$ cat run02.cif   # mmCIF, C-alpha atoms and all ligand atoms
data_data
loop_
_atom_site.label_atom_id
_atom_site.label_comp_id
_atom_site.auth_asym_id
_atom_site.auth_seq_id
_atom_site.Cartn_x
_atom_site.Cartn_y
_atom_site.Cartn_z
CA MET A 108 104.49 133.74 99.23
CA GLN A 109 101.54 131.60 98.33
CA LEU A 110 98.38 132.88 100.02
CA HIS A 111 95.88 130.47 98.55
CA LYS A 112 96.64 126.81 98.30
CA GLU A 113 96.00 125.65 94.76
CA ILE A 114 93.36 123.07 94.01
CA ASP A 115 94.76 119.64 93.12
CA GLU A 116 93.67 119.56 89.48
CA THR A 117 93.90 115.78 89.29
CA LEU A 118 90.73 115.61 91.42
CA LEU A 119 88.91 117.47 88.66
CA THR A 120 90.18 115.28 85.85
CA ALA A 121 90.70 111.82 87.38
CA ASP A 122 88.11 109.11 86.72
CA LEU A 123 85.19 109.34 89.14
CA ASP A 124 85.77 106.91 91.96
CA VAL A 125 84.64 106.59 95.59
CA HIS A 126 86.58 103.78 97.17
CA LEU A 127 86.14 102.53 100.75
CA GLU A 128 88.54 100.10 102.33
CA GLY A 129 87.63 98.70 105.77
CA LEU A 130 85.78 101.89 106.73
CA ASP A 131 84.88 102.05 110.42
CA PHE A 132 83.00 104.78 112.17
CA THR A 133 82.05 105.25 115.83
CA TYR A 134 80.57 108.48 117.19
CA LYS A 135 82.58 110.17 119.96
CA GLY A 136 81.46 109.03 123.40
CA SER A 137 79.83 105.89 122.02
CA THR A 138 81.15 102.36 122.09
CA ASN A 139 78.93 101.06 119.28
CA SER A 140 80.34 101.16 115.81
CA VAL A 141 77.90 102.62 113.28
CA LEU A 142 79.91 101.51 110.26
CA ASP A 143 81.80 98.27 110.61
CA SER A 144 84.54 97.55 108.09
CA LEU A 145 82.83 98.70 104.88
CA SER A 146 84.65 98.08 101.61
CA ILE A 147 83.24 99.11 98.28
CA ASP A 148 84.24 100.73 95.01
CA ILE A 149 81.86 103.05 93.16
CA LYS A 150 83.13 104.09 89.77
CA GLY A 151 82.09 106.37 86.95
CA PRO A 152 79.05 108.47 86.24
CA GLN A 153 75.99 106.59 87.44
CA LEU A 154 73.08 106.74 89.85
CA VAL A 155 73.73 104.76 93.03
CA SER A 156 71.11 104.39 95.77
CA ILE A 157 71.87 103.55 99.38
CA LEU A 158 69.03 101.62 101.03
CA GLY A 159 68.60 100.31 104.56
CA PRO A 160 66.32 100.69 107.55
CA ASN A 161 66.32 103.69 109.90
CA GLY A 162 69.51 103.90 111.92
CA ALA A 163 71.44 101.59 109.58
CA GLY A 164 74.17 104.23 109.16
CA LYS A 165 73.28 105.62 105.71
CA SER A 166 73.71 109.30 106.59
CA THR A 167 76.89 108.53 108.51
CA LEU A 168 78.25 106.70 105.47
CA ILE A 169 77.68 109.69 103.18
CA HIS A 170 79.26 111.98 105.80
CA CYS A 171 82.37 109.78 105.79
CA MET A 172 82.50 109.82 101.98
CA ASN A 173 82.40 113.62 101.74
CA LYS A 174 84.66 114.54 104.64
CA ILE A 175 81.96 115.87 106.97
CA LEU A 176 83.00 113.11 109.39
CA GLU A 177 86.44 111.63 109.83
CA PRO A 178 86.50 107.82 109.72
CA THR A 179 87.67 106.13 112.90
CA GLY A 180 89.30 103.38 110.85
CA GLY A 181 90.00 102.34 107.28
CA THR A 182 90.29 104.64 104.29
CA VAL A 183 88.07 106.62 101.98
CA MET A 184 89.54 107.53 98.59
CA VAL A 185 87.81 109.97 96.26
CA ASN A 186 89.01 110.17 92.67
CA GLY A 187 92.16 108.31 93.65
CA LYS A 188 93.09 110.51 96.63
CA ASN A 189 92.69 109.79 100.35
CA VAL A 190 90.06 112.21 101.74
CA GLU A 191 92.46 112.93 104.63
CA ASN A 192 94.56 114.79 102.07
CA ILE A 193 91.68 116.50 100.26
CA THR A 194 90.95 120.00 101.56
CA VAL A 195 87.42 121.11 102.37
CA LYS A 196 87.69 123.60 99.50
CA GLU A 197 88.72 120.84 97.10
CA MET A 198 85.86 118.66 98.28
CA ALA A 199 83.42 121.53 97.66
CA LYS A 200 84.82 121.96 94.19
CA ILE A 201 84.37 118.35 93.15
CA SER A 202 81.25 117.39 95.08
CA SER A 203 78.07 118.82 96.48
CA TYR A 204 75.91 117.58 99.27
CA VAL A 205 72.18 118.04 99.70
CA PRO A 206 71.43 117.17 103.33
CA TYR A 207 68.29 115.63 104.71
CA THR A 208 65.73 118.44 105.30
CA SER A 209 68.05 121.33 105.92
CA THR A 210 67.50 123.36 109.04
CA ASP A 211 69.10 126.38 107.36
CA SER A 212 66.43 128.96 106.97
CA PHE A 213 67.96 132.03 105.47
CA PRO A 214 66.00 135.24 105.04
CA LEU A 215 67.26 135.25 101.45
CA THR A 216 65.57 135.00 98.10
CA VAL A 217 65.65 131.67 96.32
CA VAL A 218 68.13 133.00 93.72
CA ASP A 219 70.51 134.20 96.45
CA THR A 220 70.20 130.88 98.29
CA ILE A 221 71.13 128.96 95.15
CA LEU A 222 73.93 131.44 94.36
CA MET A 223 75.56 130.37 97.63
CA GLY A 224 76.13 127.02 95.93
CA ARG A 225 78.46 128.83 93.51
CA HIS A 226 80.75 129.88 96.36
CA PRO A 227 83.45 127.21 95.76
CA HIS A 228 83.80 128.50 92.19
CA ALA A 229 83.94 132.18 93.16
CA LYS A 230 86.24 134.33 91.11
CA TRP A 231 86.21 137.98 90.08
CA GLY A 232 83.76 138.93 87.38
CA SER A 233 81.90 135.64 87.35
CA ILE A 234 78.52 136.83 88.64
CA LYS A 235 76.87 136.80 85.18
CA ASP A 236 77.92 133.20 84.53
CA ASP A 237 76.83 132.31 88.05
CA LEU A 238 73.36 133.73 87.48
CA GLU A 239 73.06 131.78 84.23
CA ILE A 240 73.94 128.58 86.06
CA VAL A 241 71.43 129.40 88.82
CA HIS A 242 68.71 129.93 86.23
CA GLU A 243 69.60 126.65 84.52
CA ALA A 244 69.16 124.90 87.89
CA LEU A 245 65.82 126.65 88.47
CA GLN A 246 64.68 125.56 85.01
CA LEU A 247 65.82 121.99 85.50
CA LEU A 248 63.67 121.72 88.62
CA ASN A 249 60.83 123.70 87.10
CA ILE A 250 60.80 126.27 89.89
CA GLU A 251 61.58 129.46 87.95
CA ASP A 252 58.45 131.01 89.45
CA LEU A 253 60.03 130.78 92.92
CA ALA A 254 63.14 132.79 91.93
CA ASP A 255 62.21 135.92 93.90
CA SER A 256 60.39 134.19 96.76
CA MET A 257 61.90 134.21 100.23
CA PHE A 258 63.50 130.85 100.97
CA ASN A 259 62.24 130.77 104.58
CA GLU A 260 58.63 131.19 103.42
CA LEU A 261 58.52 128.08 101.21
CA SER A 262 56.74 124.78 101.80
CA ALA A 263 58.84 121.72 102.72
CA GLY A 264 58.63 120.37 99.16
CA GLN A 265 59.64 123.70 97.58
CA HIS A 266 62.41 124.02 100.16
CA GLN A 267 63.72 120.62 99.10
CA LYS A 268 63.71 121.54 95.40
CA VAL A 269 65.64 124.75 96.11
CA MET A 270 68.25 122.80 98.07
CA LEU A 271 68.54 120.42 95.10
CA ALA A 272 68.95 123.39 92.75
CA ARG A 273 71.72 124.69 95.00
CA GLY A 274 73.43 121.31 94.83
CA PHE A 275 73.14 121.28 91.02
CA ALA A 276 74.39 124.89 90.71
CA GLN A 277 77.61 123.85 92.41
CA GLU A 278 78.30 121.83 89.22
CA PRO A 279 79.64 118.82 91.12
CA ARG A 280 81.37 115.79 89.66
CA ILE A 281 79.95 113.82 92.58
CA LEU A 282 76.55 114.64 94.05
CA PHE A 283 75.63 113.28 97.50
CA LEU A 284 71.97 113.41 98.49
CA ASP A 285 70.33 112.38 101.74
CA GLU A 286 66.72 111.36 101.02
CA PRO A 287 66.26 114.03 98.35
CA THR A 288 62.62 113.25 97.74
CA SER A 289 61.39 112.74 101.31
CA ASN A 290 59.09 115.79 101.29
CA LEU A 291 57.84 115.43 97.74
CA ASP A 292 54.65 113.87 96.45
CA ILE A 293 54.86 110.86 94.15
CA LYS A 294 54.88 112.89 90.90
CA TYR A 295 57.92 114.91 92.04
CA GLN A 296 59.63 111.89 93.56
CA LEU A 297 59.62 110.38 90.10
CA GLU A 298 60.53 113.62 88.36
CA ILE A 299 63.49 114.34 90.65
CA THR A 300 64.81 110.78 90.43
CA ARG A 301 64.58 110.98 86.63
CA ILE A 302 66.46 114.30 86.66
CA LEU A 303 69.17 112.73 88.84
CA ARG A 304 69.50 109.84 86.44
CA ARG A 305 69.69 112.24 83.50
CA MET A 306 72.42 114.25 85.27
CA SER A 307 74.47 111.11 85.67
CA ARG A 308 74.14 110.45 81.93
CA GLU A 309 74.29 113.92 80.36
CA LYS A 310 76.54 115.77 82.80
CA LYS A 311 78.59 112.68 83.70
CA VAL A 312 77.93 113.05 87.42
CA LEU A 313 78.32 110.28 89.98
CA VAL A 314 75.07 110.60 91.96
CA ILE A 315 74.99 108.83 95.33
CA MET A 316 71.65 109.13 97.07
CA ILE A 317 70.01 107.71 100.15
CA SER A 318 66.52 106.52 99.35
CA HIS A 319 63.59 105.08 101.22
CA ASP A 320 61.52 104.25 98.17
CA ILE A 321 62.67 100.82 97.12
CA ASN A 322 60.55 100.69 93.94
CA ILE A 323 61.76 104.06 92.66
CA ALA A 324 65.36 103.17 93.54
CA ALA A 325 64.96 99.84 91.71
CA LYS A 326 63.52 101.54 88.63
CA TYR A 327 66.15 104.24 88.17
CA SER A 328 69.39 103.23 89.93
CA ASP A 329 72.32 101.70 88.12
CA ASN A 330 73.51 100.14 91.34
CA ILE A 331 72.19 99.76 94.87
CA ILE A 332 74.03 99.45 98.19
CA VAL A 333 72.06 97.92 101.06
CA LEU A 334 73.20 98.65 104.62
CA HIS A 335 72.12 96.43 107.48
CA ASN A 336 73.45 95.96 111.01
CA HIS A 337 76.24 98.47 110.31
CA LYS A 338 77.62 96.42 107.43
CA ILE A 339 77.08 96.20 103.70
CA HIS A 340 74.38 93.58 103.23
CA SER A 341 74.52 93.55 99.44
CA VAL A 342 75.68 95.57 96.46
CA GLY A 343 74.79 95.26 92.80
CA THR A 344 72.26 96.06 90.14
CA PRO A 345 68.62 96.39 91.22
CA GLU A 346 67.92 92.94 89.76
CA GLU A 347 70.69 91.43 91.86
CA VAL A 348 69.89 93.21 95.10
CA ILE A 349 66.11 93.64 95.35
CA THR A 350 64.98 90.17 96.37
CA SER A 351 62.38 88.78 98.75
CA GLU A 352 65.22 87.40 100.89
CA MET A 353 66.89 90.82 101.21
CA LEU A 354 63.58 92.49 102.14
CA LYS A 355 62.94 89.89 104.82
CA GLU A 356 66.46 90.00 106.25
CA VAL A 357 66.95 93.74 106.16
CA TYR A 358 63.48 95.23 106.56
CA ASP A 359 61.71 92.24 108.13
CA VAL A 360 58.83 92.39 105.65
CA ASP A 361 57.28 89.70 103.50
CA ALA A 362 57.19 90.84 99.91
CA LYS A 363 57.14 89.29 96.50
CA ILE A 364 59.11 90.66 93.58
CA THR A 365 57.54 91.08 90.19
CA MET A 366 59.38 92.31 87.10
CA ASP A 367 58.26 95.56 85.49
CA ASN A 368 60.06 96.50 82.28
CA GLY A 369 63.02 94.39 83.37
CA LYS A 370 63.22 96.07 86.79
CA PRO A 371 62.25 94.45 90.09
CA HIS A 372 59.14 95.82 91.74
CA LEU A 373 58.18 94.86 95.25
CA VAL A 374 54.65 94.04 96.27
CA LEU A 375 54.05 93.75 99.99
CA CYS A 376 52.35 90.47 100.89
CA ASP A 377 48.93 91.02 102.35
CA ASP A 378 48.82 88.60 105.22
CA CYS A 379 47.11 91.01 107.59
CA THR A 380 44.27 89.64 109.63
CA TYR A 381 41.61 92.24 110.17
CA GLU A 382 39.75 92.30 113.46
CA PRO A 383 36.16 93.08 112.46
CA LEU A 384 34.54 95.83 114.50
CA PRO A 385 31.76 94.55 116.75
CA GLU A 386 28.41 95.07 115.07
CA ASP A 387 27.18 97.48 117.70
CA SER A 388 30.38 99.51 117.79
CA GLY A 389 28.48 102.56 116.52
CA VAL A 390 30.95 103.02 113.65
CA TYR A 391 29.22 102.96 110.26
CA LEU A 392 30.71 103.54 106.86
CA PRO A 393 28.54 105.26 104.26
N1 LIG B 1 75.75 112.77 116.04
C1 LIG B 1 75.54 111.53 116.50
N2 LIG B 1 76.03 111.14 117.69
C2 LIG B 1 75.85 109.89 118.16
N3 LIG B 1 75.18 108.92 117.49
C3 LIG B 1 74.66 109.25 116.30
C4 LIG B 1 74.80 110.57 115.73
N4 LIG B 1 74.19 110.58 114.52
C5 LIG B 1 73.68 109.35 114.35
N5 LIG B 1 73.96 108.56 115.40
C6 LIG B 1 73.58 107.14 115.54
O1 LIG B 1 74.22 106.40 114.52
C7 LIG B 1 73.35 105.40 113.98
C8 LIG B 1 73.21 105.58 112.48
O2 LIG B 1 72.61 106.84 112.21
P1 LIG B 1 72.40 107.38 110.74
O3 LIG B 1 73.68 107.32 110.01
O4 LIG B 1 71.74 108.71 110.86
O5 LIG B 1 71.39 106.27 110.16
P2 LIG B 1 70.39 106.34 108.92
O6 LIG B 1 70.75 107.54 108.10
O7 LIG B 1 70.60 105.04 108.21
O8 LIG B 1 69.00 106.41 109.49
C9 LIG B 1 72.04 105.54 114.74
O9 LIG B 1 72.01 104.59 115.75
C10 LIG B 1 72.09 106.93 115.31
O10 LIG B 1 71.39 107.02 116.52
MG MG B 2 69.68 109.26 107.65
#

$ encode --input "run02.cif" --output "structure tokens"
Amino acid sequence: MQLHKEIDETLLTADLDVHLEGLDFTYKGSTNSVLDSLSIDIKGPQLVSILGPNGAGKSTLIHCMNKILEPTGGTVMVNGKNVENITVKEMAKISSYVPYTSTDSFPLTVVDTILMGRHPHAKWGSIKDDLEIVHEALQLLNIEDLADSMFNELSAGQHQKVMLARGFAQEPRILFLDEPTSNLDIKYQLEITRILRRMSREKKVLVIMISHDINIAAKYSDNIIVLHNHKIHSVGTPEEVITSEMLKEVYDVDAKITMDNGKPHLVLCDDCTYEPLPEDSGVYLP
């Protein structure tokens, strides 16, 4: 009798591939579709950013890619297999997911919190290897000094780095991240995005992240997906996708694009008209 269903090894060895074909998604009880017939193919180790305004469906899209949500139409294939036929355990073995500011607040140390990321790989006698992997993740994020701190006593930025370390410690082939730098200051936004890019290169990981920082996404991503009005607005390299037209259509802002080291960089157009304060307003600047 087979107690534990074996992992489909082909998922671990097949070429990295997230393939959507006519993906539709509507939340239960709603009549509005959040994702409307999305088709796209993301292949190989690379850093892909998903951009789009609030409510565009970015988080929902990632949840459909990693089996948290079941599509209401169309198909999602991961590494050549329909996610319908991939078990939750298999998904955890090939991918990890770092959610938008986690509400989990465990009274655990940082090391124990990150060790939980090793759960899909659990086997007898592996604790020493697991601790080595946890320490590698702590080192990578430069948070070794937090190892023995309590996770629920950390600042939002530290919290976010620990959740990233947990995602890394899972040793995924595909890493899904929902706004991984939202609580970090500019120095760490850059540092984390660089680390993610390096992971895609050195550890051959397909990193798919939702981002709100268009300039950082343009600088480091290999490809960008822009969501707008529940559909894919555009897909391609940063040079192809980050244009004044896209920014106007999708974000309704006027911006010009300059090139910085071959990468597009947006500069918001300053067409604001300032209402001067009346002279006797009593407000004086030093
Ligand atoms: N659990 C839910 N139930 C119903 N509607 C939801 C739920 N989660 C998100 N939505 C709606 O789906 C749309 C897309 O949400 P989301 O995927 O979170 O967008 P984004 O991540 O781009 O901001 C929004 O209109 C949002 O209100
Ligand atoms: Mg979101």

$ residues_near_ligand --input "run02.cif" --ligand "ligand MG 2 (chain B)" --cutoff "7 Å" --atoms "all atoms listed in the file" --output "mmCIF file with C-alpha atoms, keeping the file's coordinate frame"
data_model
loop_
_atom_site.group_PDB
_atom_site.id
_atom_site.type_symbol
_atom_site.label_atom_id
_atom_site.label_comp_id
_atom_site.auth_asym_id
_atom_site.auth_seq_id
_atom_site.Cartn_x
_atom_site.Cartn_y
_atom_site.Cartn_z
ATOM 1 C CA ASN A 161 66.320 103.690 109.900
ATOM 2 C CA GLY A 162 69.510 103.900 111.920
ATOM 3 C CA GLY A 164 74.170 104.230 109.160
ATOM 4 C CA LYS A 165 73.280 105.620 105.710
ATOM 5 C CA SER A 166 73.710 109.300 106.590
ATOM 6 C CA ASP A 285 70.330 112.380 101.740
#

$ atom_distance --input "run02.cif" --atom1 "CA of Asp115 in chain A" --atom2 "CA of Gly129 in chain A"
25.5 Å

$ atom_distance --input "run02.cif" --atom1 "CA of Leu123 in chain A" --atom2 "CA of Glu197 in chain A"
14.4 Å

$ residues_around --input "run02.cif" --residues "Asp143 in chain A" --least-positions-apart "2" --cutoff "7 Å" --atoms "only C-alpha atoms" --output "ChimeraX atom specification"
/A:130-132,140-141,145,337-338

$ residues_near_ligand --input "run02.cif" --ligand "ligand LIG 1 (chain B)" --cutoff "12 Å" --atoms "all atoms listed in the file" --output "PyMOL selection string"
chain A and resi 132-143+157-171+175-176+206-207+284-286+316-319+332-339

$ atom_distance --input "run02.cif" --atom1 "CA of Met172 in chain A" --atom2 "CA of Lys200 in chain A"
14.6 Å

$ residues_around --input "run02.cif" --residues "Ile281 in chain A" --least-positions-apart "4" --cutoff "6 Å" --atoms "all atoms listed in the file" --output "PyMOL selection string"
chain A and resi 202+312-314

$ closest_residue --input "run02.cif" --among "A:Gln153, A:Thr182, A:Asn173, A:Ser341" --to "Leu127 in chain A" --atoms "all atoms listed in the file"
A:Thr182

$ residues_around --input "run02.cif" --residues "Ser262 in chain A" --least-positions-apart "6" --cutoff "12 Å" --atoms "only C-alpha atoms" --output "ChimeraX atom specification"
/A:208,212,253,256,268-269,290-291

$ closest_residue --input "run02.cif" --among "A:Asp219, A:Met257, A:Pro227, A:Leu303" --to "Leu271 in chain A" --atoms "all atoms listed in the file"
A:Leu303

$ residues_near_point --input "run02.cif" --point "(58.3, 116.0, 94.5)" --cutoff "12 Å" --atoms "all atoms listed in the file" --output "PyMOL selection string"
chain A and resi 248-250+262-269+271+286-302

$ build_atoms --input "run02.cif" --residues "range 309-342 of chain A" --atoms "N, CA and C atoms" --output "PDB file, in the frame of the given file"
ATOM      1  N   GLU A 309      73.968 112.789  81.241  1.00  0.00           N
ATOM      2  CA  GLU A 309      74.290 113.920  80.360  1.00  0.00           C
ATOM      3  C   GLU A 309      75.431 114.774  80.899  1.00  0.00           C
ATOM      4  N   LYS A 310      75.482 114.918  82.221  1.00  0.00           N
ATOM      5  CA  LYS A 310      76.540 115.770  82.800  1.00  0.00           C
ATOM      6  C   LYS A 310      77.662 114.930  83.403  1.00  0.00           C
ATOM      7  N   LYS A 311      77.543 113.608  83.231  1.00  0.00           N
ATOM      8  CA  LYS A 311      78.590 112.680  83.700  1.00  0.00           C
ATOM      9  C   LYS A 311      78.881 112.846  85.194  1.00  0.00           C
ATOM     10  N   VAL A 312      77.796 112.888  85.980  1.00  0.00           N
ATOM     11  CA  VAL A 312      77.930 113.050  87.420  1.00  0.00           C
ATOM     12  C   VAL A 312      77.756 111.694  88.108  1.00  0.00           C
ATOM     13  N   LEU A 313      78.555 111.455  89.140  1.00  0.00           N
ATOM     14  CA  LEU A 313      78.320 110.280  89.980  1.00  0.00           C
ATOM     15  C   LEU A 313      77.343 110.726  91.077  1.00  0.00           C
ATOM     16  N   VAL A 314      76.110 110.216  90.996  1.00  0.00           N
ATOM     17  CA  VAL A 314      75.070 110.600  91.960  1.00  0.00           C
ATOM     18  C   VAL A 314      74.933 109.486  92.981  1.00  0.00           C
ATOM     19  N   ILE A 315      75.128 109.819  94.258  1.00  0.00           N
ATOM     20  CA  ILE A 315      74.990 108.830  95.330  1.00  0.00           C
ATOM     21  C   ILE A 315      73.894 109.325  96.251  1.00  0.00           C
ATOM     22  N   MET A 316      72.761 108.617  96.261  1.00  0.00           N
ATOM     23  CA  MET A 316      71.650 109.130  97.070  1.00  0.00           C
ATOM     24  C   MET A 316      71.098 108.077  98.023  1.00  0.00           C
ATOM     25  N   ILE A 317      70.690 108.564  99.192  1.00  0.00           N
ATOM     26  CA  ILE A 317      70.010 107.710 100.150  1.00  0.00           C
ATOM     27  C   ILE A 317      68.532 107.731  99.782  1.00  0.00           C
ATOM     28  N   SER A 318      67.918 106.562  99.762  1.00  0.00           N
ATOM     29  CA  SER A 318      66.520 106.520  99.350  1.00  0.00           C
ATOM     30  C   SER A 318      65.734 105.619 100.295  1.00  0.00           C
ATOM     31  N   HIS A 319      64.457 105.961 100.453  1.00  0.00           N
ATOM     32  CA  HIS A 319      63.590 105.080 101.220  1.00  0.00           C
ATOM     33  C   HIS A 319      62.584 104.392 100.317  1.00  0.00           C
ATOM     34  N   ASP A 320      62.502 104.852  99.070  1.00  0.00           N
ATOM     35  CA  ASP A 320      61.520 104.250  98.170  1.00  0.00           C
ATOM     36  C   ASP A 320      62.186 103.171  97.338  1.00  0.00           C
ATOM     37  N   ILE A 321      61.960 101.938  97.744  1.00  0.00           N
ATOM     38  CA  ILE A 321      62.670 100.820  97.120  1.00  0.00           C
ATOM     39  C   ILE A 321      62.270 100.675  95.656  1.00  0.00           C
ATOM     40  N   ASN A 322      60.984 100.864  95.338  1.00  0.00           N
ATOM     41  CA  ASN A 322      60.550 100.690  93.940  1.00  0.00           C
ATOM     42  C   ASN A 322      61.139 101.767  93.031  1.00  0.00           C
ATOM     43  N   ILE A 323      61.180 102.997  93.506  1.00  0.00           N
ATOM     44  CA  ILE A 323      61.760 104.060  92.660  1.00  0.00           C
ATOM     45  C   ILE A 323      63.267 103.837  92.516  1.00  0.00           C
ATOM     46  N   ALA A 324      63.916 103.452  93.614  1.00  0.00           N
ATOM     47  CA  ALA A 324      65.360 103.170  93.540  1.00  0.00           C
ATOM     48  C   ALA A 324      65.615 102.034  92.551  1.00  0.00           C
ATOM     49  N   ALA A 325      64.771 101.002  92.595  1.00  0.00           N
ATOM     50  CA  ALA A 325      64.960  99.840  91.710  1.00  0.00           C
ATOM     51  C   ALA A 325      64.762 100.228  90.246  1.00  0.00           C
ATOM     52  N   LYS A 326      63.857 101.160  90.008  1.00  0.00           N
ATOM     53  CA  LYS A 326      63.520 101.540  88.630  1.00  0.00           C
ATOM     54  C   LYS A 326      64.611 102.387  87.981  1.00  0.00           C
ATOM     55  N   TYR A 327      65.247 103.263  88.782  1.00  0.00           N
ATOM     56  CA  TYR A 327      66.150 104.240  88.170  1.00  0.00           C
ATOM     57  C   TYR A 327      67.629 104.067  88.484  1.00  0.00           C
ATOM     58  N   SER A 328      67.963 103.305  89.536  1.00  0.00           N
ATOM     59  CA  SER A 328      69.390 103.230  89.930  1.00  0.00           C
ATOM     60  C   SER A 328      70.160 102.310  89.012  1.00  0.00           C
ATOM     61  N   ASP A 329      71.431 102.640  88.819  1.00  0.00           N
ATOM     62  CA  ASP A 329      72.320 101.700  88.120  1.00  0.00           C
ATOM     63  C   ASP A 329      72.782 100.635  89.104  1.00  0.00           C
ATOM     64  N   ASN A 330      73.085 101.079  90.310  1.00  0.00           N
ATOM     65  CA  ASN A 330      73.510 100.140  91.340  1.00  0.00           C
ATOM     66  C   ASN A 330      72.907 100.531  92.677  1.00  0.00           C
ATOM     67  N   ILE A 331      72.786  99.536  93.551  1.00  0.00           N
ATOM     68  CA  ILE A 331      72.190  99.760  94.870  1.00  0.00           C
ATOM     69  C   ILE A 331      73.115  99.171  95.930  1.00  0.00           C
ATOM     70  N   ILE A 332      73.272  99.937  97.031  1.00  0.00           N
ATOM     71  CA  ILE A 332      74.030  99.450  98.190  1.00  0.00           C
ATOM     72  C   ILE A 332      73.024  99.285  99.318  1.00  0.00           C
ATOM     73  N   VAL A 333      72.989  98.117  99.936  1.00  0.00           N
ATOM     74  CA  VAL A 333      72.060  97.920 101.060  1.00  0.00           C
ATOM     75  C   VAL A 333      72.869  97.814 102.348  1.00  0.00           C
ATOM     76  N   LEU A 334      72.543  98.693 103.307  1.00  0.00           N
ATOM     77  CA  LEU A 334      73.200  98.650 104.620  1.00  0.00           C
ATOM     78  C   LEU A 334      72.293  97.958 105.629  1.00  0.00           C
ATOM     79  N   HIS A 335      72.894  97.123 106.442  1.00  0.00           N
ATOM     80  CA  HIS A 335      72.120  96.430 107.480  1.00  0.00           C
ATOM     81  C   HIS A 335      73.064  96.047 108.607  1.00  0.00           C
ATOM     82  N   ASN A 336      72.618  96.282 109.838  1.00  0.00           N
ATOM     83  CA  ASN A 336      73.450  95.960 111.010  1.00  0.00           C
ATOM     84  C   ASN A 336      74.871  96.508 110.879  1.00  0.00           C
ATOM     85  N   HIS A 337      74.970  97.733 110.377  1.00  0.00           N
ATOM     86  CA  HIS A 337      76.240  98.470 110.310  1.00  0.00           C
ATOM     87  C   HIS A 337      77.232  97.898 109.299  1.00  0.00           C
ATOM     88  N   LYS A 338      76.751  96.986 108.459  1.00  0.00           N
ATOM     89  CA  LYS A 338      77.620  96.420 107.430  1.00  0.00           C
ATOM     90  C   LYS A 338      76.938  96.524 106.069  1.00  0.00           C
ATOM     91  N   ILE A 339      77.708  96.257 105.017  1.00  0.00           N
ATOM     92  CA  ILE A 339      77.080  96.200 103.700  1.00  0.00           C
ATOM     93  C   ILE A 339      76.413  94.827 103.573  1.00  0.00           C
ATOM     94  N   HIS A 340      75.108  94.840 103.397  1.00  0.00           N
ATOM     95  CA  HIS A 340      74.380  93.580 103.230  1.00  0.00           C
ATOM     96  C   HIS A 340      74.562  93.065 101.816  1.00  0.00           C
ATOM     97  N   SER A 341      74.361  93.945 100.833  1.00  0.00           N
ATOM     98  CA  SER A 341      74.520  93.550  99.440  1.00  0.00           C
ATOM     99  C   SER A 341      74.767  94.772  98.564  1.00  0.00           C
ATOM    100  N   VAL A 342      75.394  94.528  97.431  1.00  0.00           N
ATOM    101  CA  VAL A 342      75.680  95.570  96.460  1.00  0.00           C
ATOM    102  C   VAL A 342      75.482  94.983  95.079  1.00  0.00           C
TER     103      VAL A 342
END
